[in-house]
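**Q** Can you keep this structure in mind? I'll have questions shortly.
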Amino acid sequence: MKSIAEIFKGLELTDSEYQFIKERCQKLELSKGEILLEKGQPTLSQYYVLEGCLRSFFEDAQERDHTLQFAIHDWWISDYTAFFDGNPAVLTIESIQKTTVLEFTRKAQIEIFESIPKVESFFREKMEHSFGAFQKRIINDLSKTAKEKYLDFLQTHKEIETHIKNYHIASFLGITTESLSRIRRELAKH
């Protein structure tokens with residue numbers, strides 16, 4: 001129940017409500033490099049990260065991958081467009097470190113919302129916050145230099161920056177690994 005309590009910190013739940021939620025999720029252990037969701041698969045679940053790091057990405061027509069999101073402890077991840085509309089995934093989610101997640105299927109989520117309405121409000125607030133963060137990232141990508149985007153990345157993802165590969169960071173920032181190296185050298189001089 002500790003991991004469930006961690007997800008819903010700040011929300012008062014009874015022991016029976018915790019138990020109800022616990023019975024509707026599954027703990028998954030992923031090895032580094034393991035694929036959690038593959039493009040084209042049905043997206044039936046969203047995942048809460050207990051430990052480790054995941055990334056979601058898509059491949060363009062030239063087979064270059066573009067990282068959309070990293071998810072570390074206390075973050076949620078899924079292909080949300082596919083999760084909510086029932087279409088196959090357009091994103092792939094891979095574990096870039098040994099990772100432990102709790103899986104919540106759409107069916108389980110609906111059961112939880114119907115039985116414990118305050119959890120639905122809690123999730124709605126989380127989704128609103130996530131939507132705002134995605135919008136901010138899009139604005140940053142459109143308006144900031146590569147160096148500014150990297151500095152923002154360091155602020156937001158300081159816990160994982162040293163644990164992930166340079167090409168993952170470059171893919172997330174929409175720049176080449178060479179540009180990332182140049183920015184890091186420039187910052188090291190100051």
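Each chain in the structure tokens gets a letter, A, B and so on, in the order shown; residues start at 1 in every chain, and ligands are counted from 1 in the order they appear.
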Find the residues near Ile93 of chain A: any atom within 10 Å, counting only C-alpha atoms, skip ones fewer than 4 places away on the same chain, and give them as a list in words.
**A**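 What passes the distance filter is Gly33, Glu34, Ile35, Leu36, Leu37, Glu38, Lys39, Leu54, Arg55, Ser56, Phe57, Phe58, Thr67, Leu68, Gln69, Phe70, Ala71, Ile77, Ser78, Asp79 and Ala89 of chain A.
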**Q** Please provide as a short mmCIF file (atom, residue, chain, number, x, y, z; two decimals) with N, CA, C and O atoms, in the first residue's frame all residues within 9 Å of Tyr150 of chain A, with the sequence filter that same-chain residues fewer than 4 positions apart are discarded (counting only C-alpha atoms).
**A**
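Saved as out07.cif:
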```
data_model
loop_
_atom_site.label_atom_id
_atom_site.label_comp_id
_atom_site.auth_asym_id
_atom_site.auth_seq_id
_atom_site.Cartn_x
_atom_site.Cartn_y
_atom_site.Cartn_z
N THR A 145 16.43 29.03 -27.98
CA THR A 145 17.61 28.49 -28.65
C THR A 145 17.90 27.11 -28.08
O THR A 145 17.39 26.72 -27.02
N ALA A 146 18.76 26.38 -28.77
CA ALA A 146 19.15 25.05 -28.30
C ALA A 146 19.78 25.13 -26.90
O ALA A 146 19.50 24.29 -26.04
N LEU A 154 17.98 20.81 -17.97
CA LEU A 154 18.75 20.57 -16.75
C LEU A 154 17.93 20.93 -15.51
O LEU A 154 18.01 20.25 -14.48
N GLN A 155 17.15 22.00 -15.59
CA GLN A 155 16.29 22.40 -14.46
C GLN A 155 15.22 21.36 -14.18
O GLN A 155 14.96 21.00 -13.04
N ILE A 169 18.99 12.75 -24.88
CA ILE A 169 18.80 14.17 -24.54
C ILE A 169 18.67 15.00 -25.81
O ILE A 169 17.77 15.84 -25.93
N ALA A 170 19.56 14.77 -26.77
CA ALA A 170 19.51 15.52 -28.03
C ALA A 170 18.18 15.28 -28.74
O ALA A 170 17.57 16.22 -29.25
N LEU A 173 15.53 17.30 -27.10
CA LEU A 173 15.67 18.73 -27.37
C LEU A 173 15.48 19.08 -28.84
O LEU A 173 15.36 20.26 -29.19
N LEU A 180 24.61 19.28 -28.95
CA LEU A 180 24.57 19.11 -27.51
C LEU A 180 25.99 19.15 -26.92
O LEU A 180 26.23 19.82 -25.91
N ILE A 183 27.25 22.73 -26.88
CA ILE A 183 26.61 23.50 -25.82
C ILE A 183 27.23 23.16 -24.47
O ILE A 183 27.54 24.05 -23.68
N ARG A 184 27.46 21.89 -24.22
CA ARG A 184 28.06 21.47 -22.94
C ARG A 184 29.47 22.02 -22.80
O ARG A 184 29.85 22.47 -21.71
#
```
**Q** Residues near Val49 of chain A, anyone? I mean within 12 Å using only C-alpha atoms, not counting same-chain ones fewer than 5 positions away, as a list in words.
**A**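 Contacts, in chain order: Ser3, Ile4, Glu6, Ile7, Gln26, Lys27, Leu28, Glu29, Leu30, Leu54, Arg55, Phe70, Ala71, Ile72, His73, Asp74, Trp75, Trp76, Ile77, Ser78, Ser95, Gln97, Lys98, Thr99, Thr100, Val101, Leu102, Glu103 and Phe104 of chain A.
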**Q** Would you save the residues from that selection as a compact mmCIF listing (two decimals), in the first residue's frame, using N, CA, C and O atoms?
**A**
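This is the output file again-v7.txt:
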```txt
# COMPACT_ATOMS: atom_id res chain seq x y z
N SER A 3 3.26 2.15 -1.98
CA SER A 3 3.40 2.73 -3.32
C SER A 3 2.10 3.41 -3.77
O SER A 3 2.14 4.42 -4.44
N ILE A 4 0.96 2.84 -3.38
CA ILE A 4 -0.32 3.47 -3.72
C ILE A 4 -0.45 4.79 -2.96
O ILE A 4 -0.86 5.81 -3.53
N GLU A 6 1.91 6.66 -2.05
CA GLU A 6 2.85 7.59 -2.70
C GLU A 6 2.19 8.29 -3.89
O GLU A 6 2.34 9.49 -4.09
N ILE A 7 1.45 7.53 -4.69
CA ILE A 7 0.78 8.09 -5.86
C ILE A 7 -0.22 9.15 -5.44
O ILE A 7 -0.31 10.21 -6.04
N GLN A 26 -1.04 -3.37 -11.33
CA GLN A 26 -0.05 -4.43 -11.39
C GLN A 26 1.34 -3.82 -11.38
O GLN A 26 1.60 -2.85 -12.10
N LYS A 27 2.22 -4.39 -10.58
CA LYS A 27 3.61 -3.94 -10.53
C LYS A 27 4.40 -4.66 -11.61
O LYS A 27 4.32 -5.88 -11.74
N LEU A 28 5.14 -3.89 -12.41
CA LEU A 28 5.96 -4.45 -13.48
C LEU A 28 7.42 -4.06 -13.26
O LEU A 28 7.72 -2.90 -12.93
N GLU A 29 8.32 -5.01 -13.46
CA GLU A 29 9.75 -4.77 -13.39
C GLU A 29 10.30 -4.82 -14.81
O GLU A 29 10.06 -5.79 -15.53
N LEU A 30 11.03 -3.79 -15.21
CA LEU A 30 11.58 -3.72 -16.56
C LEU A 30 13.09 -3.65 -16.52
O LEU A 30 13.67 -2.91 -15.71
N LEU A 54 11.95 5.92 -17.88
CA LEU A 54 11.40 5.52 -19.16
C LEU A 54 11.46 6.70 -20.11
O LEU A 54 11.55 7.85 -19.67
N ARG A 55 11.38 6.41 -21.39
CA ARG A 55 11.21 7.49 -22.37
C ARG A 55 10.19 7.05 -23.40
O ARG A 55 10.10 5.88 -23.75
N PHE A 70 10.43 11.95 -20.91
CA PHE A 70 11.10 11.08 -19.97
C PHE A 70 10.17 10.96 -18.77
O PHE A 70 9.44 11.90 -18.44
N ALA A 71 10.19 9.82 -18.12
CA ALA A 71 9.39 9.63 -16.91
C ALA A 71 10.26 8.99 -15.86
O ALA A 71 10.83 7.92 -16.07
N ILE A 72 10.38 9.67 -14.73
CA ILE A 72 11.17 9.20 -13.60
C ILE A 72 10.23 9.02 -12.41
O ILE A 72 9.02 9.17 -12.54
N HIS A 73 10.80 8.72 -11.26
CA HIS A 73 10.01 8.49 -10.05
C HIS A 73 8.92 9.54 -9.87
O HIS A 73 9.18 10.73 -9.98
N ASP A 74 7.71 9.07 -9.62
CA ASP A 74 6.55 9.91 -9.34
C ASP A 74 5.98 10.57 -10.59
O ASP A 74 5.22 11.52 -10.50
N TRP A 75 6.34 10.08 -11.78
CA TRP A 75 5.78 10.59 -13.02
C TRP A 75 4.92 9.51 -13.66
O TRP A 75 5.09 8.32 -13.41
N TRP A 76 4.00 9.94 -14.51
CA TRP A 76 3.12 9.05 -15.27
C TRP A 76 3.55 9.06 -16.73
O TRP A 76 4.06 10.08 -17.22
N ILE A 77 3.32 7.94 -17.41
CA ILE A 77 3.65 7.87 -18.83
C ILE A 77 2.69 6.92 -19.54
O ILE A 77 2.23 5.93 -18.97
N SER A 78 2.38 7.25 -20.77
CA SER A 78 1.59 6.40 -21.67
C SER A 78 1.61 7.09 -23.03
O SER A 78 2.19 8.17 -23.18
N SER A 95 12.39 1.37 -21.47
CA SER A 95 13.07 1.57 -20.20
C SER A 95 14.53 1.90 -20.49
O SER A 95 15.21 1.12 -21.15
N GLN A 97 16.62 2.68 -18.00
CA GLN A 97 17.28 2.18 -16.79
C GLN A 97 16.41 1.05 -16.27
O GLN A 97 15.24 0.94 -16.67
N LYS A 98 16.94 0.25 -15.38
CA LYS A 98 16.09 -0.73 -14.70
C LYS A 98 14.96 0.06 -14.03
O LYS A 98 15.20 1.04 -13.33
N THR A 99 13.72 -0.34 -14.30
CA THR A 99 12.57 0.48 -13.90
C THR A 99 11.47 -0.39 -13.30
O THR A 99 11.24 -1.51 -13.75
N THR A 100 10.79 0.17 -12.31
CA THR A 100 9.61 -0.46 -11.72
C THR A 100 8.44 0.50 -11.88
O THR A 100 8.56 1.68 -11.55
N VAL A 101 7.34 -0.01 -12.42
CA VAL A 101 6.14 0.81 -12.63
C VAL A 101 4.92 0.09 -12.04
O VAL A 101 4.93 -1.12 -11.84
N LEU A 102 3.90 0.89 -11.79
CA LEU A 102 2.57 0.34 -11.52
C LEU A 102 1.74 0.59 -12.76
O LEU A 102 1.68 1.71 -13.27
N GLU A 103 1.11 -0.46 -13.26
CA GLU A 103 0.28 -0.37 -14.45
C GLU A 103 -1.19 -0.25 -14.05
O GLU A 103 -1.68 -1.02 -13.23
N PHE A 104 -1.86 0.75 -14.64
CA PHE A 104 -3.29 0.93 -14.47
C PHE A 104 -3.94 0.83 -15.84
O PHE A 104 -3.69 1.67 -16.70
```
**Q** Any idea what the distance is between atom CA of Asn87 of chain A and atom CA of Pro42 of chain A?
**A** 6.6 Å
**Q** Counting only C-alpha atoms, figure out which residue out of A:Ser121, A:Ser171, A:Thr162, A:Ser31 gets nearest to Phe8 of chain A.
**A**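 Residue with the minimum atom-to-atom distance to Phe8 of chain A: A:Ser121.
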**Q** Rank A:Lys147, A:Arg24, A:Lys9, A:His163 by their smallest atom-to-atom distance to Arg182 of chain A, using only C-alpha atoms, and report the top residue only.
**A**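 Checking each candidate against Arg182 of chain A, we get A:Lys147 as the closest.
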**Q** Write down as an NGL selection string the residues of segment 69-165 of chain A whose backbone DSSP state falls under strand (DSSP E).
**A** :A and (69-71 or 76-77 or 92-95 or 99-105)
**Q** Suppose you want the space between atom CA of Phe84 of chain A and atom CA of Asp141 of chain A; what is it in Å?
**A** 25.2 Å
**Q** Provide the atom CA of Tyr80 of chain A to atom CA of Ser115 of chain A distance in Å, to one decimal place.
**A** 22.7 Å
**Q** Using only C-alpha atoms, find the one residue out of A:Asp65, A:Ile164, A:Val119, A:Leu44 that sits nearest to Phe83 of chain A.
**A**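 So, comparing all the options, the nearest one is A:Leu44.
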**Q** May I have all residues of chain A that DSSP, computed from the backbone, assigns to helix (DSSP H, G or I), given as number ranges by chain?
**A** A: 2-7, 15-22, 80-85, 106-115, 117-143, 146-156, 161-163, 166-173, 177-189
**Q** Using only C-alpha atoms, pick whichever of A:Arg185, A:Ser16, A:Lys149, A:Gly10 has the shortest atom-to-atom distance to Ile116 of chain A.
**A**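 For Ile116 of chain A, the nearest of the candidates is A:Ser16.
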